[in-house]
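Below is protein.cif, holding mmCIF, C-alpha atoms and all ligand atoms.
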```
data_protein
#
loop_
_atom_site.group_PDB
_atom_site.id
_atom_site.type_symbol
_atom_site.label_atom_id
_atom_site.label_comp_id
_atom_site.auth_asym_id
_atom_site.auth_seq_id
_atom_site.Cartn_x
_atom_site.Cartn_y
_atom_site.Cartn_z
ATOM 1 C CA MET A 246 0.000 0.000 0.000
ATOM 2 C CA LYS A 247 1.328 3.407 -0.975
ATOM 3 C CA THR A 248 0.200 6.922 -0.094
ATOM 4 C CA PHE A 249 -0.857 9.176 -2.972
ATOM 5 C CA VAL A 250 -1.746 12.841 -2.664
ATOM 6 C CA ILE A 251 -3.662 14.080 -5.703
ATOM 7 C CA THR A 252 -4.856 17.629 -6.264
ATOM 8 C CA GLY A 253 -8.252 18.505 -7.748
ATOM 9 C CA ALA A 254 -9.625 14.972 -7.831
ATOM 10 C CA ASN A 255 -13.252 15.749 -6.992
ATOM 11 C CA THR A 256 -14.051 15.577 -10.714
ATOM 12 C CA GLY A 257 -12.546 14.892 -14.151
ATOM 13 C CA ILE A 258 -9.539 12.706 -14.804
ATOM 14 C CA GLY A 259 -8.210 13.229 -11.277
ATOM 15 C CA LYS A 260 -11.333 11.621 -9.844
ATOM 16 C CA VAL A 261 -10.921 8.588 -12.115
ATOM 17 C CA ALA A 262 -7.240 8.240 -11.168
ATOM 18 C CA ALA A 263 -7.956 8.653 -7.426
ATOM 19 C CA THR A 264 -10.723 6.042 -7.631
ATOM 20 C CA GLU A 265 -8.477 3.564 -9.401
ATOM 21 C CA LEU A 266 -5.570 4.101 -6.976
ATOM 22 C CA ALA A 267 -7.905 3.601 -4.001
ATOM 23 C CA LYS A 268 -9.387 0.490 -5.621
ATOM 24 C CA ARG A 269 -5.886 -0.981 -5.813
ATOM 25 C CA GLY A 270 -5.620 -0.704 -2.014
ATOM 26 C CA ASN A 271 -3.593 2.501 -1.737
ATOM 27 C CA LYS A 272 -4.106 5.342 0.706
ATOM 28 C CA VAL A 273 -5.390 8.346 -1.247
ATOM 29 C CA LEU A 274 -5.596 11.944 -0.072
ATOM 30 C CA ILE A 275 -7.497 14.355 -2.275
ATOM 31 C CA ALA A 276 -6.429 17.986 -1.979
ATOM 32 C CA GLY A 277 -9.276 20.173 -3.167
ATOM 33 C CA ARG A 278 -10.680 23.643 -2.707
ATOM 34 C CA SER A 279 -14.236 22.586 -1.911
ATOM 35 C CA ARG A 280 -14.998 20.163 0.928
ATOM 36 C CA GLU A 281 -18.608 20.140 -0.220
ATOM 37 C CA LYS A 282 -17.661 18.822 -3.673
ATOM 38 C CA THR A 283 -14.767 16.610 -2.576
ATOM 39 C CA GLN A 284 -16.015 14.875 0.577
ATOM 40 C CA PRO A 285 -18.631 12.752 -1.292
ATOM 41 C CA VAL A 286 -15.878 11.458 -3.594
ATOM 42 C CA CYS A 287 -13.640 10.751 -0.596
ATOM 43 C CA ASP A 288 -16.463 8.899 1.148
ATOM 44 C CA ALA A 289 -17.216 6.846 -1.967
ATOM 45 C CA ILE A 290 -13.635 5.649 -2.456
ATOM 46 C CA GLY A 291 -12.299 5.721 1.119
ATOM 47 C CA ALA A 292 -10.005 8.698 0.555
ATOM 48 C CA GLU A 293 -9.146 11.573 2.872
ATOM 49 C CA PHE A 294 -9.944 15.227 2.151
ATOM 50 C CA VAL A 295 -7.284 17.940 2.508
ATOM 51 C CA ALA A 296 -8.148 21.598 1.962
ATOM 52 C CA LEU A 297 -6.179 23.279 -0.829
ATOM 53 C CA ASP A 298 -6.860 26.372 -2.906
ATOM 54 C CA LEU A 299 -3.997 26.614 -5.370
ATOM 55 C CA GLY A 300 -4.967 30.184 -6.181
ATOM 56 C CA ASP A 301 -4.160 31.294 -2.645
ATOM 57 C CA LEU A 302 -0.569 30.782 -1.462
ATOM 58 C CA ALA A 303 -1.596 31.001 2.210
ATOM 59 C CA SER A 304 -3.959 28.063 1.606
ATOM 60 C CA VAL A 305 -1.152 26.139 -0.123
ATOM 61 C CA ARG A 306 1.074 26.691 2.939
ATOM 62 C CA ARG A 307 -1.681 25.484 5.279
ATOM 63 C CA CYS A 308 -2.210 22.409 3.116
ATOM 64 C CA ALA A 309 1.513 21.572 3.140
ATOM 65 C CA GLU A 310 1.596 22.085 6.901
ATOM 66 C CA SER A 311 -1.293 19.643 7.368
ATOM 67 C CA LEU A 312 0.502 17.054 5.220
ATOM 68 C CA LYS A 313 3.911 17.409 6.898
ATOM 69 C CA GLY A 314 5.245 14.135 8.244
ATOM 70 C CA ARG A 315 2.635 12.052 6.372
ATOM 71 C CA SER A 316 5.215 10.096 4.351
ATOM 72 C CA ILE A 317 3.828 10.595 0.870
ATOM 73 C CA ASP A 318 4.951 8.153 -1.797
ATOM 74 C CA VAL A 319 3.568 10.059 -4.786
ATOM 75 C CA LEU A 320 2.308 13.608 -5.282
ATOM 76 C CA VAL A 321 0.088 14.080 -8.340
ATOM 77 C CA CYS A 322 -0.342 17.730 -9.349
ATOM 78 C CA ASN A 323 -3.521 17.328 -11.367
ATOM 79 C CA ALA A 324 -5.737 20.322 -10.530
ATOM 80 C CA GLY A 325 -5.946 22.975 -13.174
ATOM 81 C CA LEU A 326 -8.117 25.564 -14.780
ATOM 82 C CA ALA A 327 -8.403 26.899 -18.310
ATOM 83 C CA GLY A 328 -10.214 29.757 -19.981
ATOM 84 C CA HIS A 329 -10.385 31.976 -16.903
ATOM 85 C CA ARG A 330 -9.451 35.640 -16.732
ATOM 86 C CA GLY A 331 -8.057 37.543 -13.776
ATOM 87 C CA THR A 332 -5.514 36.998 -11.038
ATOM 88 C CA THR A 333 -5.044 34.695 -8.085
ATOM 89 C CA LYS A 334 -5.429 36.020 -4.559
ATOM 90 C CA ASP A 335 -1.712 36.896 -4.548
ATOM 91 C CA GLY A 336 -1.928 38.829 -7.820
ATOM 92 C CA PHE A 337 -0.534 36.305 -10.314
ATOM 93 C CA GLU A 338 -2.140 35.624 -13.701
ATOM 94 C CA ILE A 339 -4.862 33.130 -12.794
ATOM 95 C CA GLN A 340 -3.810 30.184 -15.010
ATOM 96 C CA PHE A 341 -0.115 30.559 -14.183
ATOM 97 C CA GLY A 342 -0.757 31.247 -10.492
ATOM 98 C CA THR A 343 -3.052 28.250 -10.055
ATOM 99 C CA ASN A 344 -1.674 25.627 -12.434
ATOM 100 C CA HIS A 345 2.013 26.362 -11.871
ATOM 101 C CA LEU A 346 2.797 28.549 -8.867
ATOM 102 C CA GLY A 347 0.396 26.884 -6.412
ATOM 103 C CA HIS A 348 1.765 23.445 -7.325
ATOM 104 C CA TYR A 349 5.344 24.739 -7.256
ATOM 105 C CA LEU A 350 4.947 25.953 -3.671
ATOM 106 C CA LEU A 351 3.089 22.814 -2.561
ATOM 107 C CA THR A 352 5.767 20.533 -4.012
ATOM 108 C CA ARG A 353 8.661 22.539 -2.603
ATOM 109 C CA LEU A 354 7.151 22.609 0.877
ATOM 110 C CA LEU A 355 6.532 18.853 0.790
ATOM 111 C CA VAL A 356 9.699 17.803 -1.009
ATOM 112 C CA ASP A 357 11.277 16.153 2.065
ATOM 113 C CA ASP A 358 8.063 14.234 2.750
ATOM 114 C CA ILE A 359 7.733 12.785 -0.773
ATOM 115 C CA LYS A 360 9.474 9.463 -1.177
ATOM 116 C CA GLU A 361 9.108 8.464 -4.792
ATOM 117 C CA ARG A 362 7.365 10.388 -7.566
ATOM 118 C CA VAL A 363 5.993 13.789 -8.498
ATOM 119 C CA VAL A 364 3.574 13.844 -11.428
ATOM 120 C CA MET A 365 2.648 17.051 -13.249
ATOM 121 C CA VAL A 366 -0.509 16.857 -15.346
ATOM 122 C CA ALA A 367 0.549 19.229 -18.123
ATOM 123 C CA SER A 368 -0.879 19.361 -21.647
ATOM 124 C CA ASP A 369 0.111 19.351 -25.315
ATOM 125 C CA SER A 370 -1.167 22.934 -25.189
ATOM 126 C CA HIS A 371 2.314 23.744 -23.872
ATOM 127 C CA TYR A 372 3.648 23.393 -27.444
ATOM 128 C CA GLY A 373 1.783 26.628 -28.264
ATOM 129 C CA ALA A 374 3.659 28.728 -25.713
ATOM 130 C CA LYS A 375 6.437 30.825 -27.227
ATOM 131 C CA GLY A 376 8.132 31.306 -23.876
ATOM 132 C CA ILE A 377 7.290 32.964 -20.564
ATOM 133 C CA ASP A 378 6.680 36.691 -20.343
ATOM 134 C CA TRP A 379 7.660 37.171 -16.683
ATOM 135 C CA ALA A 380 5.985 40.552 -16.242
ATOM 136 C CA ALA A 381 2.700 39.180 -17.641
ATOM 137 C CA GLN A 382 2.578 36.575 -14.871
ATOM 138 C CA ARG A 383 2.215 39.398 -12.345
ATOM 139 C CA GLU A 384 -0.827 40.842 -14.100
ATOM 140 C CA LYS A 385 -4.344 39.819 -14.953
ATOM 141 C CA THR A 386 -5.027 37.666 -18.008
ATOM 142 C CA LYS A 387 -4.539 39.585 -21.266
ATOM 143 C CA SER A 388 -6.021 37.268 -23.900
ATOM 144 C CA VAL A 389 -9.799 37.168 -24.323
ATOM 145 C CA THR A 390 -10.048 33.393 -23.983
ATOM 146 C CA GLY A 391 -7.294 32.874 -21.406
ATOM 147 C CA TYR A 392 -5.942 30.154 -23.677
ATOM 148 C CA ARG A 393 -2.541 31.768 -24.346
ATOM 149 C CA GLU A 394 -2.006 32.011 -20.611
ATOM 150 C CA TYR A 395 -3.101 28.376 -20.166
ATOM 151 C CA GLU A 396 -0.428 27.330 -22.708
ATOM 152 C CA VAL A 397 2.224 29.158 -20.692
ATOM 153 C CA SER A 398 1.036 27.586 -17.424
ATOM 154 C CA LYS A 399 1.310 24.130 -18.986
ATOM 155 C CA LEU A 400 4.805 24.886 -20.324
ATOM 156 C CA ALA A 401 5.631 25.820 -16.726
ATOM 157 C CA ASN A 402 4.355 22.381 -15.569
ATOM 158 C CA VAL A 403 6.715 20.661 -18.041
ATOM 159 C CA LEU A 404 9.670 22.872 -17.057
ATOM 160 C CA PHE A 405 9.044 22.352 -13.354
ATOM 161 C CA ALA A 406 9.043 18.548 -13.721
ATOM 162 C CA GLN A 407 12.360 18.768 -15.584
ATOM 163 C CA GLU A 408 14.016 21.121 -13.116
ATOM 164 C CA LEU A 409 12.785 19.174 -10.079
ATOM 165 C CA ALA A 410 14.347 16.041 -11.572
ATOM 166 C CA ARG A 411 17.672 17.879 -11.878
ATOM 167 C CA ARG A 412 17.582 19.444 -8.406
ATOM 168 C CA VAL A 413 16.219 16.475 -6.449
ATOM 169 C CA PRO A 414 17.698 13.401 -8.151
ATOM 170 C CA ARG A 415 16.273 10.973 -5.578
ATOM 171 C CA LEU A 416 12.760 11.858 -6.822
ATOM 172 C CA HIS A 417 11.272 10.678 -10.111
ATOM 173 C CA THR A 418 9.276 13.297 -11.962
ATOM 174 C CA TYR A 419 6.823 12.996 -14.835
ATOM 175 C CA ALA A 420 4.933 15.517 -16.974
ATOM 176 C CA LEU A 421 2.154 14.331 -19.238
ATOM 177 C CA HIS A 422 -0.622 15.110 -21.680
ATOM 178 C CA PRO A 423 -3.800 13.243 -20.678
ATOM 179 C CA GLY A 424 -5.397 13.735 -24.118
ATOM 180 C CA ALA A 425 -8.303 15.979 -25.013
ATOM 181 C CA VAL A 426 -10.768 14.673 -22.461
ATOM 182 C CA ALA A 427 -14.492 15.314 -21.861
ATOM 183 C CA THR A 428 -14.338 16.951 -18.412
ATOM 184 C CA ASP A 429 -15.427 20.185 -16.730
ATOM 185 C CA VAL A 430 -12.251 21.848 -18.000
ATOM 186 C CA TRP A 431 -14.230 22.786 -21.144
ATOM 187 C CA ARG A 432 -16.978 24.513 -19.141
ATOM 188 C CA ARG A 433 -15.985 27.949 -20.501
ATOM 189 C CA VAL A 434 -16.460 26.884 -24.143
ATOM 190 C CA PRO A 435 -19.870 28.133 -25.396
ATOM 191 C CA PRO A 436 -22.501 25.305 -25.563
ATOM 192 C CA PRO A 437 -22.805 24.691 -29.353
ATOM 193 C CA PHE A 438 -19.015 24.382 -29.714
ATOM 194 C CA ARG A 439 -18.791 22.302 -26.523
ATOM 195 C CA TRP A 440 -21.358 19.782 -27.830
ATOM 196 C CA VAL A 441 -19.453 19.348 -31.117
ATOM 197 C CA LEU A 442 -16.127 19.215 -29.298
ATOM 198 C CA LYS A 443 -17.280 16.554 -26.838
ATOM 199 C CA ARG A 444 -17.895 14.092 -29.682
ATOM 200 C CA PHE A 445 -14.161 14.056 -30.379
ATOM 201 C CA LEU A 446 -12.947 13.887 -26.815
ATOM 202 C CA LEU A 447 -11.601 10.957 -24.806
ATOM 203 C CA THR A 448 -13.584 9.700 -21.819
ATOM 204 C CA PRO A 449 -12.195 10.602 -18.369
ATOM 205 C CA GLU A 450 -11.238 6.910 -17.993
ATOM 206 C CA GLN A 451 -9.121 7.106 -21.155
ATOM 207 C CA GLY A 452 -7.746 10.454 -19.966
ATOM 208 C CA ALA A 453 -6.521 8.967 -16.683
ATOM 209 C CA VAL A 454 -4.309 6.322 -18.350
ATOM 210 C CA SER A 455 -1.113 8.393 -18.594
ATOM 211 C CA MET A 456 -1.577 9.818 -15.077
ATOM 212 C CA LEU A 457 -1.954 6.340 -13.613
ATOM 213 C CA ARG A 458 1.103 5.091 -15.481
ATOM 214 C CA ALA A 459 3.222 8.039 -14.373
ATOM 215 C CA ALA A 460 2.024 7.718 -10.782
ATOM 216 C CA SER A 461 2.282 3.996 -10.352
ATOM 217 C CA ASP A 462 3.593 1.896 -13.241
ATOM 218 C CA PRO A 463 6.730 -0.008 -12.139
ATOM 219 C CA ALA A 464 7.871 0.036 -15.800
ATOM 220 C CA LEU A 465 8.387 3.819 -15.492
ATOM 221 C CA ALA A 466 9.995 3.683 -12.038
ATOM 222 C CA ASN A 467 13.461 4.581 -13.321
ATOM 223 C CA ASP A 468 12.321 7.423 -15.575
ATOM 224 C CA THR A 469 12.600 11.038 -14.515
ATOM 225 C CA GLY A 470 12.085 14.472 -16.057
ATOM 226 C CA LYS A 471 10.294 13.107 -19.121
ATOM 227 C CA TYR A 472 7.071 13.966 -20.949
ATOM 228 C CA TYR A 473 4.377 11.410 -21.892
ATOM 229 C CA ASN A 474 1.461 11.109 -24.329
ATOM 230 C CA PRO A 475 -2.067 9.959 -23.316
ATOM 231 C CA LYS A 476 -0.982 6.310 -23.520
ATOM 232 C CA GLY A 477 1.872 6.966 -21.119
ATOM 233 C CA GLU A 478 4.515 6.727 -23.833
ATOM 234 C CA GLU A 479 7.498 9.051 -23.789
ATOM 235 C CA LYS A 480 7.272 12.028 -26.121
ATOM 236 C CA ARG A 481 9.497 15.018 -26.893
ATOM 237 C CA PRO A 482 8.257 18.156 -25.151
ATOM 238 C CA SER A 483 8.382 21.594 -26.774
ATOM 239 C CA LYS A 484 11.781 22.860 -27.884
ATOM 240 C CA ARG A 485 11.096 25.841 -25.616
ATOM 241 C CA ALA A 486 11.438 23.526 -22.612
ATOM 242 C CA THR A 487 15.158 24.232 -22.174
ATOM 243 C CA PRO A 488 17.230 23.778 -18.994
ATOM 244 C CA GLU A 489 17.908 27.537 -19.020
ATOM 245 C CA LEU A 490 14.218 28.442 -19.000
ATOM 246 C CA ALA A 491 13.500 25.743 -16.413
ATOM 247 C CA ARG A 492 16.173 27.181 -14.114
ATOM 248 C CA GLU A 493 14.881 30.706 -14.544
ATOM 249 C CA LEU A 494 11.305 29.596 -13.838
ATOM 250 C CA TRP A 495 12.449 27.805 -10.679
ATOM 251 C CA GLU A 496 14.354 30.840 -9.440
ATOM 252 C CA ARG A 497 11.645 33.382 -10.204
ATOM 253 C CA SER A 498 8.970 31.141 -8.715
ATOM 254 C CA ALA A 499 11.065 30.748 -5.551
ATOM 255 C CA GLU A 500 11.321 34.515 -5.227
ATOM 256 C CA TRP A 501 7.571 34.941 -5.843
ATOM 257 C CA VAL A 502 6.587 32.433 -3.158
ATOM 258 C CA GLY A 503 9.294 33.582 -0.726
ATOM 259 C CA LEU A 504 11.520 30.488 -0.707
ATOM 260 C CA PRO A 505 15.265 30.234 -1.304
ATOM 261 C CA SER A 506 16.015 28.990 -4.818
HETATM 262 N N1 LIG B 601 -9.596 17.729 -20.127
HETATM 263 C C1 LIG B 601 -8.661 17.900 -21.027
HETATM 264 O O1 LIG B 601 -8.911 17.814 -22.223
HETATM 265 C C2 LIG B 601 -7.241 18.211 -20.616
HETATM 266 C C3 LIG B 601 -6.281 18.301 -21.626
HETATM 267 C C4 LIG B 601 -4.966 18.567 -21.261
HETATM 268 C C5 LIG B 601 -4.644 18.740 -19.916
HETATM 269 N N2 LIG B 601 -5.621 18.676 -18.978
HETATM 270 C C6 LIG B 601 -5.229 18.900 -17.576
HETATM 271 O O2 LIG B 601 -5.729 17.850 -16.758
HETATM 272 C C7 LIG B 601 -5.899 18.322 -15.423
HETATM 273 C C8 LIG B 601 -7.250 17.903 -14.896
HETATM 274 O O3 LIG B 601 -8.227 18.516 -15.685
HETATM 275 P P1 LIG B 601 -9.680 17.946 -15.955
HETATM 276 O O4 LIG B 601 -9.837 17.897 -17.427
HETATM 277 O O5 LIG B 601 -9.948 16.756 -15.136
HETATM 278 O O6 LIG B 601 -10.504 19.225 -15.461
HETATM 279 P P2 LIG B 601 -11.698 19.446 -14.447
HETATM 280 O O7 LIG B 601 -12.705 18.363 -14.591
HETATM 281 O O8 LIG B 601 -12.114 20.863 -14.665
HETATM 282 O O9 LIG B 601 -10.978 19.292 -13.019
HETATM 283 C C9 LIG B 601 -10.055 20.246 -12.582
HETATM 284 C C10 LIG B 601 -9.849 20.104 -11.096
HETATM 285 O O10 LIG B 601 -8.964 21.147 -10.672
HETATM 286 C C11 LIG B 601 -9.537 21.748 -9.538
HETATM 287 N N3 LIG B 601 -9.116 23.136 -9.338
HETATM 288 C C12 LIG B 601 -9.293 24.187 -10.162
HETATM 289 N N4 LIG B 601 -8.814 25.313 -9.589
HETATM 290 C C13 LIG B 601 -8.346 24.952 -8.368
HETATM 291 C C14 LIG B 601 -7.762 25.658 -7.277
HETATM 292 N N5 LIG B 601 -7.593 26.989 -7.308
HETATM 293 N N6 LIG B 601 -7.386 24.972 -6.173
HETATM 294 C C15 LIG B 601 -7.584 23.636 -6.098
HETATM 295 N N7 LIG B 601 -8.148 22.908 -7.087
HETATM 296 C C16 LIG B 601 -8.528 23.571 -8.202
HETATM 297 C C17 LIG B 601 -11.041 21.679 -9.775
HETATM 298 O O11 LIG B 601 -11.738 21.924 -8.564
HETATM 299 P P3 LIG B 601 -13.242 22.522 -8.604
HETATM 300 O O12 LIG B 601 -14.147 21.385 -9.002
HETATM 301 O O13 LIG B 601 -13.439 22.973 -7.184
HETATM 302 O O14 LIG B 601 -13.265 23.635 -9.597
HETATM 303 C C18 LIG B 601 -11.141 20.252 -10.281
HETATM 304 O O15 LIG B 601 -11.106 19.370 -9.211
HETATM 305 C C19 LIG B 601 -5.711 19.836 -15.478
HETATM 306 O O16 LIG B 601 -4.408 20.165 -15.018
HETATM 307 C C20 LIG B 601 -5.827 20.157 -16.953
HETATM 308 O O17 LIG B 601 -5.106 21.304 -17.337
HETATM 309 C C21 LIG B 601 -6.914 18.408 -19.287
#
```
If you convert what's in this file into structure tokens, what do you get?
Amino acid sequence: MKTFVITGANTGIGKVAATELAKRGNKVLIAGRSREKTQPVCDAIGAEFVALDLGDLASVRRCAESLKGRSIDVLVCNAGLAGHRGTTKDGFEIQFGTNHLGHYLLTRLLVDDIKERVVMVASDSHYGAKGIDWAAQREKTKSVTGYREYEVSKLANVLFAQELARRVPRLHTYALHPGAVATDVWRRVPPPFRWVLKRFLLTPEQGAVSMLRAASDPALANDTGKYYNPKGEEKRPSKRATPELARELWERSAEWVGLPS
């Protein structure tokens, strides 16, 4: 039996992965921002609820504090949002602040408590990011759809997995694309487009395959710092995912969350 902490698993592909991990006899802790939405899932699968709002760094610190000393085998950074506009509570662009910076702080605060793996649920959307405009991450979303900012946040997920692998060699890190999956993540797409889109999407069960492989497949146990497709097969990430950019992201993120780099 292993202990898995998974963020944002009250719905979507995270819920499928959490359910499957619990079914296999593991201890599962779901870190979510709504007890109301998450507790029923926890009750159904025998998981434990931990409060976490990734868009609020004080909440991330409280969550890490409550998990300290729990001996976590695997942390799965799954929670994410797309198509939003605005800033997080601490004034970061909302996609970047939630998808990257919240998970960055959570992982760094827990790094000594994690024994085995850190999984970043990224996206092939990261290929669309041209780089990271640092100043823009301190402001509200500029694009109308929030999609450009989502691409950058997902590039940050890939870079963070790579840099964590370099800085903490005892840990195994994984970044992945779950596929285009029919979940609530598309809730901001207007209904007619959403209905058409959903016909081409994977089911949440299909979308959880790569996450489950990265989190638990013994065949990937020696991998680290790599990127995977929806089947859990290794794939080349964007050419923008360079060690130089990964280092800079780590250092700037450290400064933003008030940790030494
Ligand atoms: N679906 C796709 O096609 C697709 C494609 C590529 C990558 N992904 C990635 O896969 C991951 C899971 O997405 P999904 O498709 O399963 O989406 P989803 O159904 O919308 O689930 C997202 C989860 O993230 C949680 N979350 C959002 N903001 C949060 C915050 N501030 N603090 C804590 N939790 C927060 C949500 O909680 P609430 O229910 O409380 O909002 C929900 O549990 C995301 O990282 C997403 O970017 C998805």
Contacts of ligand LIG 601 (chain B), 6 Å or closer, all atoms listed in the file, given as a ChimeraX atom specification | /A:253-259,277-279,297-300,323-326,343,366-368,422-430
Compare A:Lys375, A:Arg383, A:Arg307, A:His345 by their minimum atom-to-atom distance to Ala486 (chain A), counting all atoms listed in the file, and give me the closest one.
-> A:Lys375
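Residues surrounding Pro463 (chain A) within 12 Å are A:Glu361, A:Arg362, A:His417, A:Leu457, A:Arg458, A:Ala459, A:Asn467, A:Asp468 [all atoms listed in the file; sequence separation below 4 positions excluded].
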Just how far from CA of Ile377 (chain A) is CA of Glu496 (chain A), in Å to one decimal?
->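 A separation of 13.3 Å between them.
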List the neighbours of Leu409 (chain A) out to 9 Å using only C-alpha atoms; skip same-chain residues closer than 3 positions along the sequence, and give me the result as number ranges by chain.
-> A: 363, 404-406, 412-414, 416-418, 470, 495
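All protein and nucleic acid residues in the vicinity of (-9.5, 9.8, -7.4), that is within 8 Å when counting only C-alpha atoms, are Ile251, Ala254, Asn255, Ile258, Gly259, Lys260, Val261, Ala262, Ala263, Thr264, Glu265, Leu266, Ala267, Val273, Ile275, Val286 and Ile290 of chain A.
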With C-alpha atoms retained, export the selected residues as a compact mmCIF listing (two decimals), in the frame of the given file.
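Everything below was put into selection_27.txt:
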```txt
# COMPACT_ATOMS: atom_id res chain seq x y z
CA ILE A 251 -3.66 14.08 -5.70
CA ALA A 254 -9.62 14.97 -7.83
CA ASN A 255 -13.25 15.75 -6.99
CA ILE A 258 -9.54 12.71 -14.80
CA GLY A 259 -8.21 13.23 -11.28
CA LYS A 260 -11.33 11.62 -9.84
CA VAL A 261 -10.92 8.59 -12.12
CA ALA A 262 -7.24 8.24 -11.17
CA ALA A 263 -7.96 8.65 -7.43
CA THR A 264 -10.72 6.04 -7.63
CA GLU A 265 -8.48 3.56 -9.40
CA LEU A 266 -5.57 4.10 -6.98
CA ALA A 267 -7.90 3.60 -4.00
CA VAL A 273 -5.39 8.35 -1.25
CA ILE A 275 -7.50 14.36 -2.28
CA VAL A 286 -15.88 11.46 -3.59
CA ILE A 290 -13.64 5.65 -2.46
```
Quick one: apply the PyMOL selection byres (((chain A and resi 329) around 10) and not hetatm) to the file and drop the selected residues here as number ranges by chain.
-> A: 326-328, 330-332, 338-340, 386, 388-392, 394-395, 433
Take the PyMOL selection byres (((chain A and resi 246) around 8) and not hetatm), apply it to the structure above, and return the hits as a list in words.
-> Lys247, Thr248, Gly270, Asn271 and Lys272 of chain A
Between CA of Pro488 (chain A) and CA of Asp378 (chain A) - distance in Å to one decimal =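 One can read the CA of Asp378 (chain A) to CA of Pro488 (chain A) distance as 16.7 Å.
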Find, counting all atoms listed in the file, the residue in A:Lys480, A:Arg353, A:Arg315, A:Arg485 that gets nearest to Lys399 (chain A).
->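 Checking each of A:Lys480, A:Arg353, A:Arg315, A:Arg485 against Lys399 (chain A), counting all atoms listed in the file, the winner is A:Arg485.
Closest approach to Tyr419 (chain A) among A:Thr333, A:Ser370, A:Asn474, A:Ser398 is made by A:Asn474 (distances from all atoms listed in the file).
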Near-Ile317 (chain A) list (9 Å; all atoms listed in the file; drop same-chain fewer than 2 positions) as a ChimeraX atom specification | /A:247-250,312,314-315,319-320,355,358-361
Could you check how far CA of Pro475 (chain A) sits from CA of His371 (chain A), in Å to one decimal?
->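 Value for the CA of Pro475 (chain A)-CA of His371 (chain A) distance: 14.5 Å.
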Reconstructed N, CA, C and O atoms for region 276-287 of chain A, given as a short mmCIF file (atom, residue, chain, number, x, y, z; two decimals), keeping the file's coordinate frame:
```cif
data_model
loop_
_atom_site.label_atom_id
_atom_site.label_comp_id
_atom_site.auth_asym_id
_atom_site.auth_seq_id
_atom_site.Cartn_x
_atom_site.Cartn_y
_atom_site.Cartn_z
N ALA A 276 -6.57 16.59 -2.38
CA ALA A 276 -6.43 17.99 -1.98
C ALA A 276 -7.30 18.83 -2.90
O ALA A 276 -7.04 18.91 -4.11
N GLY A 277 -8.34 19.42 -2.34
CA GLY A 277 -9.28 20.17 -3.17
C GLY A 277 -9.73 21.45 -2.49
O GLY A 277 -9.58 21.61 -1.27
N ARG A 278 -10.32 22.34 -3.29
CA ARG A 278 -10.68 23.64 -2.71
C ARG A 278 -12.09 23.65 -2.14
O ARG A 278 -12.47 24.61 -1.48
N SER A 279 -12.86 22.61 -2.42
CA SER A 279 -14.24 22.59 -1.91
C SER A 279 -14.49 21.28 -1.16
O SER A 279 -14.56 20.21 -1.79
N ARG A 280 -14.67 21.38 0.16
CA ARG A 280 -15.00 20.16 0.93
C ARG A 280 -16.35 19.61 0.47
O ARG A 280 -16.54 18.41 0.35
N GLU A 281 -17.27 20.54 0.19
CA GLU A 281 -18.61 20.14 -0.22
C GLU A 281 -18.57 19.23 -1.46
O GLU A 281 -19.26 18.24 -1.53
N LYS A 282 -17.72 19.61 -2.45
CA LYS A 282 -17.66 18.82 -3.67
C LYS A 282 -16.77 17.58 -3.53
O LYS A 282 -16.96 16.60 -4.22
N THR A 283 -15.78 17.67 -2.63
CA THR A 283 -14.77 16.61 -2.58
C THR A 283 -15.10 15.50 -1.58
O THR A 283 -14.78 14.34 -1.83
N GLN A 284 -15.75 15.89 -0.46
CA GLN A 284 -16.02 14.88 0.58
C GLN A 284 -16.84 13.68 0.06
O GLN A 284 -16.50 12.53 0.38
N PRO A 285 -17.88 13.91 -0.78
CA PRO A 285 -18.63 12.75 -1.29
C PRO A 285 -17.75 11.78 -2.08
O PRO A 285 -17.92 10.57 -2.00
N VAL A 286 -16.79 12.33 -2.83
CA VAL A 286 -15.88 11.46 -3.59
C VAL A 286 -14.99 10.69 -2.62
O VAL A 286 -14.78 9.48 -2.75
N CYS A 287 -14.49 11.40 -1.61
CA CYS A 287 -13.64 10.75 -0.60
C CYS A 287 -14.41 9.62 0.09
O CYS A 287 -13.89 8.52 0.25
#
```
